[in-house]
$ cat entry.txt   # compact mmCIF, C-alpha atoms and all ligand atoms
# COMPACT_ATOMS: atom_id res chain seq x y z
CA MET A 106 0.00 0.00 0.00
CA ASN A 107 2.83 2.48 0.81
CA GLU A 108 4.17 1.89 -2.70
CA LEU A 109 0.77 2.51 -4.28
CA LEU A 110 0.40 5.76 -2.32
CA GLN A 111 3.83 6.86 -3.53
CA THR A 112 2.87 6.09 -7.14
CA ILE A 113 -0.34 8.08 -6.70
CA GLU A 114 1.60 11.02 -5.28
CA ASN A 115 3.91 10.98 -8.31
CA THR A 116 0.92 10.81 -10.65
CA VAL A 117 -1.04 13.71 -9.17
CA ARG A 118 1.77 16.12 -8.24
CA PRO A 119 1.90 17.55 -11.79
CA LEU A 120 -1.66 18.87 -11.22
CA ILE A 121 -0.31 21.27 -8.61
CA GLY A 122 -0.13 24.64 -10.31
CA SER A 123 -3.53 24.48 -12.00
CA GLY A 124 -5.59 25.28 -8.88
CA LYS A 125 -5.66 28.14 -6.40
CA VAL A 126 -4.91 28.25 -2.67
CA ALA A 127 -7.77 29.68 -0.54
CA ASP A 128 -7.25 33.41 -0.35
CA TYR A 129 -10.33 34.73 1.47
CA ILE A 130 -8.11 35.37 4.49
CA PRO A 131 -4.40 36.30 4.39
CA ALA A 132 -3.43 33.55 6.87
CA LEU A 133 -4.45 30.85 4.37
CA ALA A 134 -3.29 32.65 1.23
CA ASN A 135 0.34 32.33 2.41
CA VAL A 136 0.40 28.51 2.50
CA ASN A 137 2.97 26.88 0.21
CA PRO A 138 0.83 25.35 -2.60
CA LYS A 139 3.37 22.68 -3.57
CA GLN A 140 2.49 20.27 -0.80
CA PHE A 141 0.84 16.87 -0.87
CA GLY A 142 0.25 14.18 1.73
CA ILE A 143 -1.88 11.05 1.97
CA VAL A 144 -2.65 8.54 4.73
CA VAL A 145 -4.72 5.37 4.73
CA TYR A 146 -5.60 3.96 8.16
CA SER A 147 -7.09 0.46 8.43
CA ASN A 148 -9.63 -0.74 10.95
CA GLU A 149 -6.87 -3.04 12.22
CA GLY A 150 -4.77 0.01 13.09
CA GLU A 151 -2.25 -0.20 10.21
CA LEU A 152 -1.12 3.13 8.83
CA PHE A 153 0.09 3.71 5.27
CA GLN A 154 1.38 7.03 4.00
CA ALA A 155 3.14 9.04 1.32
CA GLY A 156 4.28 12.63 0.94
CA GLN A 157 3.87 15.28 3.63
CA ALA A 158 1.61 13.16 5.80
CA LYS A 159 2.83 14.76 9.01
CA VAL A 160 2.71 18.42 8.02
CA ASP A 161 -0.05 20.27 9.90
CA PHE A 162 -2.65 22.26 8.00
CA SER A 163 -5.88 24.13 8.71
CA ILE A 164 -8.69 21.56 8.78
CA GLN A 165 -11.38 24.17 8.00
CA SER A 166 -14.68 22.54 6.99
CA ILE A 167 -13.51 19.06 7.90
CA SER A 168 -14.25 20.29 11.46
CA LYS A 169 -17.95 20.28 10.52
CA VAL A 170 -17.94 16.47 10.79
CA PHE A 171 -16.57 16.63 14.33
CA SER A 172 -19.21 19.24 15.28
CA LEU A 173 -21.98 17.17 13.75
CA THR A 174 -21.04 13.92 15.50
CA LEU A 175 -20.63 15.74 18.82
CA ALA A 176 -24.11 17.23 18.42
CA ILE A 177 -25.66 13.90 17.33
CA LYS A 178 -24.40 12.31 20.52
CA HIS A 179 -26.48 14.74 22.54
CA TYR A 180 -29.45 15.71 20.39
CA GLY A 181 -30.01 12.48 18.43
CA GLU A 182 -32.87 12.68 15.93
CA ASP A 183 -34.13 16.00 17.36
CA MET A 184 -31.37 17.89 15.66
CA TRP A 185 -32.94 17.31 12.26
CA GLN A 186 -35.69 19.76 13.08
CA ARG A 187 -33.12 22.54 12.72
CA VAL A 188 -30.99 21.33 9.81
CA GLY A 189 -31.84 19.32 6.70
CA ARG A 190 -30.29 16.25 5.11
CA GLU A 191 -30.40 17.16 1.43
CA PRO A 192 -27.57 18.19 -0.90
CA SER A 193 -27.67 21.91 -1.62
CA GLY A 194 -26.23 22.04 -5.14
CA HIS A 195 -24.89 25.47 -4.16
CA PRO A 196 -21.48 26.71 -3.02
CA PHE A 197 -20.56 26.07 0.62
CA ASN A 198 -21.02 29.70 1.65
CA SER A 199 -24.28 30.36 -0.20
CA LEU A 200 -27.19 32.10 1.54
CA VAL A 201 -29.89 31.92 -1.13
CA GLN A 202 -31.69 28.76 0.00
CA LEU A 203 -32.06 30.00 3.58
CA GLU A 204 -34.56 32.61 2.49
CA TYR A 205 -36.77 30.08 0.68
CA GLU A 206 -36.51 27.42 3.36
CA SER A 207 -37.38 29.49 6.44
CA GLY A 208 -33.85 29.61 7.84
CA VAL A 209 -33.39 25.83 7.91
CA PRO A 210 -30.12 25.02 6.11
CA ARG A 211 -30.13 22.16 3.65
CA ASN A 212 -27.44 20.07 5.35
CA PRO A 213 -24.89 20.22 8.17
CA PHE A 214 -21.85 20.61 5.86
CA ILE A 215 -22.60 23.89 4.11
CA ASN A 216 -21.60 26.84 6.28
CA ALA A 217 -25.17 27.72 7.28
CA GLY A 218 -25.78 24.16 8.46
CA ALA A 219 -22.50 23.98 10.34
CA LEU A 220 -23.32 27.28 12.07
CA VAL A 221 -26.63 25.87 13.31
CA VAL A 222 -24.81 22.76 14.55
CA SER A 223 -22.26 25.02 16.29
CA ASP A 224 -25.17 26.89 17.86
CA MET A 225 -26.46 23.56 19.24
CA ASN A 226 -23.05 22.74 20.72
CA GLN A 227 -22.88 26.30 22.11
CA SER A 228 -26.12 25.68 24.05
CA ARG A 229 -24.69 22.55 25.55
CA PHE A 230 -21.12 23.35 26.60
CA ALA A 231 -19.78 26.15 28.82
CA SER A 232 -16.64 26.31 26.63
CA PRO A 233 -17.74 24.87 23.28
CA HIS A 234 -14.39 25.12 21.50
CA TYR A 235 -12.55 23.45 24.38
CA ALA A 236 -15.10 20.64 24.46
CA MET A 237 -14.53 20.21 20.72
CA ARG A 238 -10.75 20.35 21.05
CA GLU A 239 -10.77 17.63 23.73
CA TYR A 240 -13.06 15.50 21.57
CA ILE A 241 -10.78 15.88 18.52
CA ARG A 242 -7.63 15.19 20.57
CA ARG A 243 -9.16 11.99 21.91
CA LEU A 244 -10.31 10.78 18.48
CA ALA A 245 -6.93 11.52 16.89
CA GLY A 246 -4.99 10.16 19.88
CA ASN A 247 -2.96 13.37 19.88
CA PRO A 248 -3.15 15.53 23.03
CA LYS A 249 -1.15 18.34 21.41
CA LEU A 250 -3.67 19.40 18.78
CA LYS A 251 -4.74 23.02 18.85
CA SER A 252 -6.35 25.83 16.95
CA ASP A 253 -4.32 28.43 15.05
CA LYS A 254 -5.21 31.77 16.63
CA VAL A 255 -3.98 33.82 13.68
CA VAL A 256 -6.31 31.93 11.30
CA ALA A 257 -9.26 32.06 13.71
CA ASP A 258 -8.81 35.82 14.30
CA SER A 259 -8.50 36.47 10.60
CA GLU A 260 -11.68 34.47 9.89
CA PHE A 261 -13.47 36.52 12.54
CA GLU A 262 -12.25 39.76 11.04
CA PHE A 263 -13.62 38.71 7.64
CA ARG A 264 -16.79 37.15 9.06
CA SER A 265 -19.41 39.20 7.19
CA ARG A 266 -20.75 36.41 5.02
CA ASN A 267 -20.95 33.78 7.76
CA ALA A 268 -22.36 36.41 10.15
CA SER A 269 -25.06 37.35 7.67
CA MET A 270 -26.28 33.77 7.32
CA ALA A 271 -26.28 33.30 11.10
CA TYR A 272 -28.29 36.51 11.60
CA LEU A 273 -30.73 35.47 8.88
CA MET A 274 -31.28 32.16 10.65
CA LYS A 275 -31.72 34.04 13.93
CA ALA A 276 -34.39 36.18 12.26
CA PHE A 277 -36.19 32.95 11.33
CA GLY A 278 -35.92 31.71 14.93
CA ASN A 279 -33.34 29.00 14.12
CA PHE A 280 -30.47 30.29 16.26
CA GLU A 281 -30.40 30.23 20.06
CA ASN A 282 -27.17 31.91 21.09
CA ASP A 283 -25.31 35.13 20.54
CA VAL A 284 -24.23 35.06 16.89
CA GLU A 285 -20.75 36.51 17.46
CA ALA A 286 -20.02 33.97 20.24
CA VAL A 287 -21.03 31.07 17.98
CA LEU A 288 -18.91 32.47 15.16
CA HIS A 289 -15.89 32.49 17.48
CA SER A 290 -16.42 28.80 18.34
CA TYR A 291 -17.03 27.89 14.69
CA PHE A 292 -13.85 29.67 13.51
CA ASP A 293 -11.78 28.21 16.37
CA ASN A 294 -12.92 24.75 15.25
CA CYS A 295 -12.18 25.47 11.56
CA ALA A 296 -8.72 26.74 12.53
CA MET A 297 -7.67 23.48 14.22
CA ARG A 298 -4.32 22.37 12.83
CA MET A 299 -3.93 18.67 12.12
CA ASN A 300 -2.04 16.49 9.67
CA CYS A 301 -3.14 13.57 7.49
CA VAL A 302 -2.14 11.02 10.16
CA ASP A 303 -4.21 12.81 12.83
CA LEU A 304 -7.24 13.12 10.56
CA ALA A 305 -7.21 9.57 9.19
CA LYS A 306 -7.04 8.27 12.77
CA ALA A 307 -9.66 10.71 14.06
CA PHE A 308 -12.23 9.57 11.49
CA SER A 309 -11.59 5.84 11.79
CA PHE A 310 -14.79 5.54 13.86
CA LEU A 311 -16.83 6.30 10.73
CA ALA A 312 -15.20 3.34 8.97
CA ASN A 313 -15.70 1.16 12.02
CA LYS A 314 -19.39 1.28 12.96
CA GLY A 315 -18.94 4.31 15.22
CA TYR A 316 -16.19 2.70 17.30
CA CYS A 317 -12.75 4.30 17.70
CA HIS A 318 -10.41 1.41 18.40
CA HIS A 319 -7.37 3.40 19.52
CA SER A 320 -9.35 5.33 22.18
CA GLY A 321 -11.66 2.39 22.92
CA GLU A 322 -14.70 4.68 22.59
CA GLN A 323 -18.07 4.09 20.94
CA VAL A 324 -18.20 7.62 19.53
CA ILE A 325 -21.67 7.30 17.98
CA SER A 326 -23.80 4.20 17.34
CA ALA A 327 -23.27 1.99 14.28
CA ARG A 328 -26.58 3.27 12.91
CA GLU A 329 -25.56 6.89 13.37
CA ALA A 330 -22.18 6.23 11.71
CA LYS A 331 -23.99 4.77 8.70
CA GLN A 332 -26.26 7.83 8.61
CA VAL A 333 -23.35 10.29 8.81
CA ASN A 334 -21.61 8.44 5.98
CA GLY A 335 -24.79 8.81 3.92
CA LEU A 336 -24.76 12.57 4.50
CA LEU A 337 -21.06 12.78 3.66
CA ALA A 338 -21.65 10.90 0.40
CA THR A 339 -24.47 13.23 -0.64
CA SER A 340 -23.28 16.61 0.72
CA GLY A 341 -19.67 16.41 1.93
CA LEU A 342 -18.26 18.14 -1.15
CA TYR A 343 -20.99 20.80 -1.55
CA ASP A 344 -21.88 21.52 -5.17
CA GLU A 345 -19.29 18.98 -6.24
CA ALA A 346 -20.79 16.07 -4.27
CA GLY A 347 -22.11 14.48 -7.47
CA ASN A 348 -18.76 14.74 -9.22
CA PHE A 349 -17.02 13.28 -6.15
CA ALA A 350 -19.49 10.36 -6.08
CA TYR A 351 -18.83 9.82 -9.79
CA ARG A 352 -15.05 10.01 -9.56
CA VAL A 353 -14.33 8.57 -6.10
CA GLY A 354 -17.53 6.96 -4.82
CA LEU A 355 -16.84 7.30 -1.10
CA PRO A 356 -18.32 9.35 1.74
CA GLY A 357 -16.00 12.35 2.06
CA LYS A 358 -15.52 15.81 3.50
CA SER A 359 -13.32 18.58 2.22
CA GLY A 360 -12.01 21.82 3.70
CA VAL A 361 -10.60 24.97 2.10
CA GLY A 362 -7.26 24.22 3.77
CA GLY A 363 -6.95 21.55 1.04
CA GLY A 364 -7.68 18.51 3.20
CA ILE A 365 -10.19 15.80 2.29
CA ILE A 366 -11.18 12.84 4.45
CA ALA A 367 -12.83 9.80 2.87
CA ILE A 368 -14.36 6.72 4.45
CA VAL A 369 -14.21 3.18 3.10
CA PRO A 370 -16.96 1.68 5.28
CA ASN A 371 -15.84 -1.28 7.42
CA ARG A 372 -12.28 -1.03 6.13
CA PHE A 373 -10.33 2.23 6.03
CA SER A 374 -10.31 5.95 6.76
CA VAL A 375 -8.28 8.10 4.40
CA CYS A 376 -6.94 11.64 4.52
CA VAL A 377 -5.37 13.46 1.61
CA TRP A 378 -4.08 17.03 1.59
CA SER A 379 -2.88 19.44 -1.06
CA PRO A 380 -3.66 23.16 -0.62
CA GLU A 381 -4.57 24.15 -4.17
CA LEU A 382 -8.34 24.15 -4.70
CA ASN A 383 -10.68 23.88 -7.67
CA LYS A 384 -13.58 26.30 -8.18
CA SER A 385 -15.82 24.48 -5.69
CA GLY A 386 -13.20 24.96 -2.97
CA ASN A 387 -12.05 21.33 -2.94
CA SER A 388 -8.44 20.11 -3.21
CA LEU A 389 -7.59 19.56 -6.85
CA ALA A 390 -4.78 17.03 -6.40
CA GLY A 391 -6.63 15.58 -3.41
CA ILE A 392 -9.65 14.53 -5.45
CA ALA A 393 -7.42 13.16 -8.22
CA ALA A 394 -5.48 11.09 -5.64
CA LEU A 395 -8.67 9.68 -4.12
CA GLU A 396 -9.98 8.87 -7.59
CA ALA A 397 -6.78 6.99 -8.44
CA LEU A 398 -6.85 5.14 -5.13
CA SER A 399 -10.51 4.22 -5.45
CA ASP A 400 -10.06 3.07 -9.08
CA HIS A 401 -7.01 1.05 -8.23
CA ILE A 402 -8.46 -0.83 -5.28
CA GLY A 403 -12.10 -0.89 -6.39
CA TRP A 404 -13.26 1.04 -3.33
CA SER A 405 -16.27 2.89 -4.70
CA ILE A 406 -19.35 2.06 -2.63
CA PHE A 407 -21.29 2.10 -5.90
CA GLY A 408 -19.74 -1.12 -7.20
N1 LIG A 501 -13.81 28.69 7.61
C1 LIG A 501 -14.34 28.55 6.29
C2 LIG A 501 -15.60 29.38 6.15
O1 LIG A 501 -16.36 29.42 7.06
C3 LIG A 501 -14.63 27.09 6.03
C4 LIG A 501 -15.07 26.85 4.60
C5 LIG A 501 -14.61 25.53 4.04
O2 LIG A 501 -13.63 24.91 4.43
N2 LIG A 501 -15.28 25.13 2.98
O3 LIG A 501 -15.81 30.05 5.14
$ encode --input "entry.txt" --output "structure tokens" --more "lines below"
Ligand code: GLN
Amino acid sequence: MNELLQTIENTVRPLIGSGKVADYIPALANVNPKQFGIVVYSNEGELFQAGQAKVDFSIQSISKVFSLTLAIKHYGEDMWQRVGREPSGHPFNSLVQLEYESGVPRNPFINAGALVVSDMNQSRFASPHYAMREYIRRLAGNPKLKSDKVVADSEFEFRSRNASMAYLMKAFGNFENDVEAVLHSYFDNCAMRMNCVDLAKAFSFLANKGYCHHSGEQVISAREAKQVNGLLATSGLYDEAGNFAYRVGLPGKSGVGGGIIAIVPNRFSVCVWSPELNKSGNSLAGIAALEALSDHIGWSIFG
């Protein structure tokens, strides 16, 4: 497997140069674009890797999966009264559907949906970001993980778009807490720095019926893990979810830091990272690497 990952790295590296690093905040615009890492983690605890698998990056929207599973643990089915389960077909930071759908976001992975989920976690924890950080540290088996304050502060400074969707949801009665406080927690979560090894390990519970073998914790039930994988497969890559299903065929979640996690149910969790993005805000080389991996091993859940 290590050899295959190395071959895939060599195959996709030439794509670097045709995408664009996230530049909506200066702290992300300065990342070196010429980086690539990949990790495959098996349910037996074997770890395979190639490239810059241990270089930390900003997890950004991948954090939405941690927030969702933390909220599911507490709210269960009730949470679906406040957020939908349908793909949006719109960019991750779009507001348009909120107006038509009475402030109920289409799914938990677009920004509006993740903000509602963050609002739920805000109602539940005295220090929501610290609760999240402890949760992520436990799942990754890495007590050193932390948020990048420069990135979080910069996101807050340029918060207008996320703030406007949160206030719109508040106007519809779908937001319980102070908007600015929730935005701080949301940005702190997005700004967590992790590497491919951390992320592949942290999401192994989704490949393993909700059970995290290295922490010995049933994170969510097997049924809930199956449900989250269903949502990842339909909405994890925003308006590119269809293309990702076509090319890769696995539940996945991307972030504008260039990371993508993918789940091979009952077998592996995967993390790939390369900072240059395509126009949907997903890692260009990352998707190509997952496509090659899925093709090579026959991993697509669609046959
Ligand atoms: N922090 C980013 C935002 O809220 C996350 C977006 C992403 O990774 N797609 O805009």
$ residues_near_ligand --input "entry.txt" --ligand "ligand LIG 501 (chain A)" --cutoff "7 Å" --atoms "all atoms listed in the file" --output "PDB file with C-alpha atoms, in the frame of the given file"
ATOM      1  CA  GLN A 165     -11.380  24.170   8.000  1.00  0.00           C
ATOM      2  CA  SER A 166     -14.680  22.540   6.990  1.00  0.00           C
ATOM      3  CA  ILE A 167     -13.510  19.060   7.900  1.00  0.00           C
ATOM      4  CA  PHE A 197     -20.560  26.070   0.620  1.00  0.00           C
ATOM      5  CA  ASN A 198     -21.020  29.700   1.650  1.00  0.00           C
ATOM      6  CA  ASN A 216     -21.600  26.840   6.280  1.00  0.00           C
ATOM      7  CA  GLU A 260     -11.680  34.470   9.890  1.00  0.00           C
ATOM      8  CA  ASN A 267     -20.950  33.780   7.760  1.00  0.00           C
ATOM      9  CA  PHE A 292     -13.850  29.670  13.510  1.00  0.00           C
ATOM     10  CA  CYS A 295     -12.180  25.470  11.560  1.00  0.00           C
ATOM     11  CA  SER A 359     -13.320  18.580   2.220  1.00  0.00           C
ATOM     12  CA  GLY A 360     -12.010  21.820   3.700  1.00  0.00           C
ATOM     13  CA  VAL A 361     -10.600  24.970   2.100  1.00  0.00           C
ATOM     14  CA  GLY A 362      -7.260  24.220   3.770  1.00  0.00           C
ATOM     15  CA  GLY A 386     -13.200  24.960  -2.970  1.00  0.00           C
TER      16      GLY A 386
END
$ closest_residue --input "entry.txt" --among "A:Val117, A:Ala176, A:Val255, A:Leu355" --to "A:Gly341" --atoms "only C-alpha atoms"
A:Leu355
$ atom_distance --input "entry.txt" --atom1 "atom CA of A:Arg211" --atom2 "atom CA of A:Phe280"
15.0 Å
$ residues_around --input "entry.txt" --residues "stretch 231-238 of chain A" --least-positions-apart "4" --cutoff "12 Å" --atoms "only C-alpha atoms" --output "PyMOL selection string"
chain A and resi 168-176+222-227+242-253+257+282+286-299+307
$ atom_distance --input "entry.txt" --atom1 "atom CA of A:Lys331" --atom2 "atom CA of A:Lys314"
7.2 Å
$ atom_distance --input "entry.txt" --atom1 "atom CA of A:Ala276" --atom2 "atom CA of A:Pro213"
19.0 Å
$ residues_around --input "entry.txt" --residues "A:Leu273" --least-positions-apart "3" --cutoff "12 Å" --atoms "only C-alpha atoms" --output "ChimeraX atom specification"
/A:200-210,217,220-221,266-270,276-280,284
$ residues_near_point --input "entry.txt" --point "(0.0, 11.3, 9.1)" --cutoff "8 Å" --atoms "only C-alpha atoms" --output "list in words"
Gly142, Ile143, Val144, Gln154, Gln157, Ala158, Lys159, Val160, Asn300, Cys301, Val302, Asp303, Leu304 and Ala305 of chain A
$ residues_around --input "entry.txt" --residues "A:Val324" --least-positions-apart "2" --cutoff "6 Å" --atoms "only C-alpha atoms" --output "MDAnalysis selection string"
chainID A and resid 315:316 322
$ residues_around --input "entry.txt" --residues "stretch 132-135 of chain A" --least-positions-apart "5" --cutoff "7 Å" --atoms "all atoms listed in the file" --output "list in words"
Val126, Ala127, Val255, Val256 and Ser259 of chain A
$ write_last_selection --input "entry.txt" --atoms "C-alpha atoms" --output "short mmCIF file (atom, residue, chain, number, x, y, z; two decimals), keeping the file's coordinate frame"
data_model
loop_
_atom_site.label_atom_id
_atom_site.label_comp_id
_atom_site.auth_asym_id
_atom_site.auth_seq_id
_atom_site.Cartn_x
_atom_site.Cartn_y
_atom_site.Cartn_z
CA VAL A 126 -4.91 28.25 -2.67
CA ALA A 127 -7.77 29.68 -0.54
CA VAL A 255 -3.98 33.82 13.68
CA VAL A 256 -6.31 31.93 11.30
CA SER A 259 -8.50 36.47 10.60
#
$ build_atoms --input "entry.txt" --residues "stretch 206-234 of chain A" --atoms "N, CA and C atoms" --output "mmCIF file, in the coordinates of the input"
data_model
loop_
_atom_site.group_PDB
_atom_site.id
_atom_site.type_symbol
_atom_site.label_atom_id
_atom_site.label_comp_id
_atom_site.auth_asym_id
_atom_site.auth_seq_id
_atom_site.Cartn_x
_atom_site.Cartn_y
_atom_site.Cartn_z
ATOM 1 N N GLU A 206 -36.232 28.588 2.511
ATOM 2 C CA GLU A 206 -36.510 27.420 3.360
ATOM 3 C C GLU A 206 -36.589 27.804 4.830
ATOM 4 N N SER A 207 -37.080 28.997 5.081
ATOM 5 C CA SER A 207 -37.380 29.490 6.440
ATOM 6 C C SER A 207 -36.225 29.360 7.418
ATOM 7 N N GLY A 208 -35.008 29.595 6.948
ATOM 8 C CA GLY A 208 -33.850 29.610 7.840
ATOM 9 C C GLY A 208 -33.381 28.235 8.278
ATOM 10 N N VAL A 209 -33.868 27.187 7.593
ATOM 11 C CA VAL A 209 -33.390 25.830 7.910
ATOM 12 C C VAL A 209 -32.403 25.419 6.807
ATOM 13 N N PRO A 210 -31.117 25.346 7.142
ATOM 14 C CA PRO A 210 -30.120 25.020 6.110
ATOM 15 C C PRO A 210 -30.322 23.619 5.553
ATOM 16 N N ARG A 211 -29.888 23.438 4.327
ATOM 17 C CA ARG A 211 -30.130 22.160 3.650
ATOM 18 C C ARG A 211 -29.386 20.968 4.243
ATOM 19 N N ASN A 212 -28.196 21.187 4.764
ATOM 20 C CA ASN A 212 -27.440 20.070 5.350
ATOM 21 C C ASN A 212 -26.385 20.609 6.317
ATOM 22 N N PRO A 213 -25.817 19.741 7.147
ATOM 23 C CA PRO A 213 -24.890 20.220 8.170
ATOM 24 C C PRO A 213 -23.489 20.577 7.660
ATOM 25 N N PHE A 214 -23.220 20.401 6.356
ATOM 26 C CA PHE A 214 -21.850 20.610 5.860
ATOM 27 C C PHE A 214 -21.661 21.916 5.103
ATOM 28 N N ILE A 215 -22.747 22.516 4.618
ATOM 29 C CA ILE A 215 -22.600 23.890 4.110
ATOM 30 C C ILE A 215 -22.426 24.790 5.334
ATOM 31 N N ASN A 216 -21.884 25.984 5.132
ATOM 32 C CA ASN A 216 -21.600 26.840 6.280
ATOM 33 C C ASN A 216 -22.835 27.115 7.147
ATOM 34 N N ALA A 217 -23.961 27.403 6.504
ATOM 35 C CA ALA A 217 -25.170 27.720 7.280
ATOM 36 C C ALA A 217 -25.527 26.550 8.198
ATOM 37 N N GLY A 218 -25.452 25.341 7.667
ATOM 38 C CA GLY A 218 -25.780 24.160 8.460
ATOM 39 C C GLY A 218 -24.795 23.959 9.600
ATOM 40 N N ALA A 219 -23.522 24.158 9.306
ATOM 41 C CA ALA A 219 -22.500 23.980 10.340
ATOM 42 C C ALA A 219 -22.645 25.038 11.431
ATOM 43 N N LEU A 220 -23.116 26.228 11.054
ATOM 44 C CA LEU A 220 -23.320 27.280 12.070
ATOM 45 C C LEU A 220 -24.475 26.904 13.001
ATOM 46 N N VAL A 221 -25.528 26.319 12.460
ATOM 47 C CA VAL A 221 -26.630 25.870 13.310
ATOM 48 C C VAL A 221 -26.150 24.754 14.261
ATOM 49 N N VAL A 222 -25.339 23.838 13.719
ATOM 50 C CA VAL A 222 -24.810 22.760 14.550
ATOM 51 C C VAL A 222 -23.907 23.347 15.650
ATOM 52 N N SER A 223 -23.113 24.358 15.282
ATOM 53 C CA SER A 223 -22.260 25.020 16.290
ATOM 54 C C SER A 223 -23.115 25.698 17.338
ATOM 55 N N ASP A 224 -24.234 26.253 16.916
ATOM 56 C CA ASP A 224 -25.170 26.890 17.860
ATOM 57 C C ASP A 224 -25.705 25.835 18.845
ATOM 58 N N MET A 225 -25.988 24.637 18.349
ATOM 59 C CA MET A 225 -26.460 23.560 19.240
ATOM 60 C C MET A 225 -25.388 23.206 20.263
ATOM 61 N N ASN A 226 -24.138 23.076 19.781
ATOM 62 C CA ASN A 226 -23.050 22.740 20.720
ATOM 63 C C ASN A 226 -22.808 23.888 21.698
ATOM 64 N N GLN A 227 -23.052 25.114 21.245
ATOM 65 C CA GLN A 227 -22.880 26.300 22.110
ATOM 66 C C GLN A 227 -23.873 26.242 23.277
ATOM 67 N N SER A 228 -25.085 25.749 23.008
ATOM 68 C CA SER A 228 -26.120 25.680 24.050
ATOM 69 C C SER A 228 -25.757 24.628 25.093
ATOM 70 N N ARG A 229 -24.920 23.716 24.718
ATOM 71 C CA ARG A 229 -24.690 22.550 25.550
ATOM 72 C C ARG A 229 -23.424 22.645 26.398
ATOM 73 N N PHE A 230 -22.402 23.321 25.890
ATOM 74 C CA PHE A 230 -21.120 23.350 26.600
ATOM 75 C C PHE A 230 -20.796 24.766 27.097
ATOM 76 N N ALA A 231 -20.191 24.846 28.289
ATOM 77 C CA ALA A 231 -19.780 26.150 28.820
ATOM 78 C C ALA A 231 -18.660 26.720 27.947
ATOM 79 N N SER A 232 -17.729 25.861 27.510
ATOM 80 C CA SER A 232 -16.640 26.310 26.630
ATOM 81 C C SER A 232 -16.659 25.424 25.377
ATOM 82 N N PRO A 233 -17.502 25.781 24.422
ATOM 83 C CA PRO A 233 -17.740 24.870 23.280
ATOM 84 C C PRO A 233 -16.474 24.506 22.502
ATOM 85 N N HIS A 234 -15.581 25.480 22.265
ATOM 86 C CA HIS A 234 -14.390 25.120 21.500
ATOM 87 C C HIS A 234 -13.492 24.160 22.284
#
